[in-house]
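Encoded as structure tokens, the structure appears first; notes follow it.
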Amino acid sequence: MLALAVGYYLLAAQIPESQLADAVGPQGLPRIYAYVLGALSLVLIAQSFRASSPEPRAERPTPSARSRVLRPAGVIAIGAIYIAVVPWLGYVPSLAALIAATTYYQGGGFNRRVALVAVSGAVLFWLLFVALLGIEHPAGFWPALF
């Protein structure tokens with residue numbers, strides 16, 4: 001994955017600049033993806049060196065053909081609901097709900113940890129895209145209340 005991150009960065013660096021580019025430019029987001037992929041790759045490498053012995057994996061039952069079709073359809077439905085409510089509810093609450101719903105749907109349950117990850121993930125994405133990159137987001141009905 002680290003080699004993939006390096007290759008992705010090199011390809012992103014070859015994207016030509018445009019006279020119409022904003023502050024981020026056409027290379028901005030692909031480079032951020034390459035940095036994140038590289039950082040996650042380094043974390044995985046470090047974890048593999050730290051692991052002394054692999055833990056035995058529990059065998060999972062083989063999913064039926066029907067569940068292999070319905071599972072992705074459920075994820076698409078969660079995404080469609082997000083797209084439908086984000087203009088009304090706003091970016092941060094909708095994204096937090098999307099993260100929590102996806103975690104629950106994938107079998108992660110719902111507890112304080114999931115709620116904390118969902119809210120902090122939504123705030124992190126807001127900081128990245130709105131505060132740092134200056135990309136507008138749907139505010140929802142919240143500004144009218146204050």
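By convention in this document, the chains of the structure tokens carry letters A, B, ... by their order, each chain's residues are numbered from 1, and ligands are numbered from 1 in the order they are shown.
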
Which neighbours of Gly25 in chain A fall inside 12 Å, counting only C-alpha atoms, when residues of the same chain fewer than 4 positions from it are skipped, and could you give them as an MDAnalysis selection string?
-> chainID A and resid 12:13 15:21 29:32 133:134

Save the residues we just selected, C-alpha atoms, as a PDB file, in the first residue's frame?
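And here is the file that came out, part.pdb:
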ATOM      1  CA  ALA A  12      -1.219  13.540  -8.697  1.00  0.00           C
ATOM      2  CA  ALA A  13       1.864  15.736  -8.998  1.00  0.00           C
ATOM      3  CA  ILE A  15      -1.858  17.028 -12.908  1.00  0.00           C
ATOM      4  CA  PRO A  16      -1.382  20.347 -14.703  1.00  0.00           C
ATOM      5  CA  GLU A  17      -2.230  23.626 -12.975  1.00  0.00           C
ATOM      6  CA  SER A  18      -5.125  25.606 -14.401  1.00  0.00           C
ATOM      7  CA  GLN A  19      -5.583  29.344 -14.691  1.00  0.00           C
ATOM      8  CA  LEU A  20      -9.055  28.839 -13.211  1.00  0.00           C
ATOM      9  CA  ALA A  21      -7.832  26.799 -10.209  1.00  0.00           C
ATOM     10  CA  LEU A  29      -7.248  16.607  -2.935  1.00  0.00           C
ATOM     11  CA  PRO A  30      -5.363  13.794  -4.723  1.00  0.00           C
ATOM     12  CA  ARG A  31      -2.223  14.732  -2.795  1.00  0.00           C
ATOM     13  CA  ILE A  32      -4.140  14.677   0.494  1.00  0.00           C
ATOM     14  CA  LEU A 133      -9.934  23.982   2.107  1.00  0.00           C
ATOM     15  CA  GLY A 134     -12.720  26.586   2.048  1.00  0.00           C
TER      16      GLY A 134
END

Could you please write out, as number ranges by chain, every residue of chain A that DSSP assigns to alpha helix (DSSP H)?
-> A: 2-13, 28-50, 65-89, 91-103, 112-126, 142-145

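For the residues A:Leu98, A:Pro63, A:Trp142, A:Ile78, ranking by smallest atom-to-atom distance to Ala115 in chain A using only C-alpha atoms places A:Leu98 first.
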
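Of the listed residues (A:Val69, A:Ile76, A:Ala118, A:Leu128), A:Ala118 comes nearest to Tyr104 in chain A; the distances count only C-alpha atoms.
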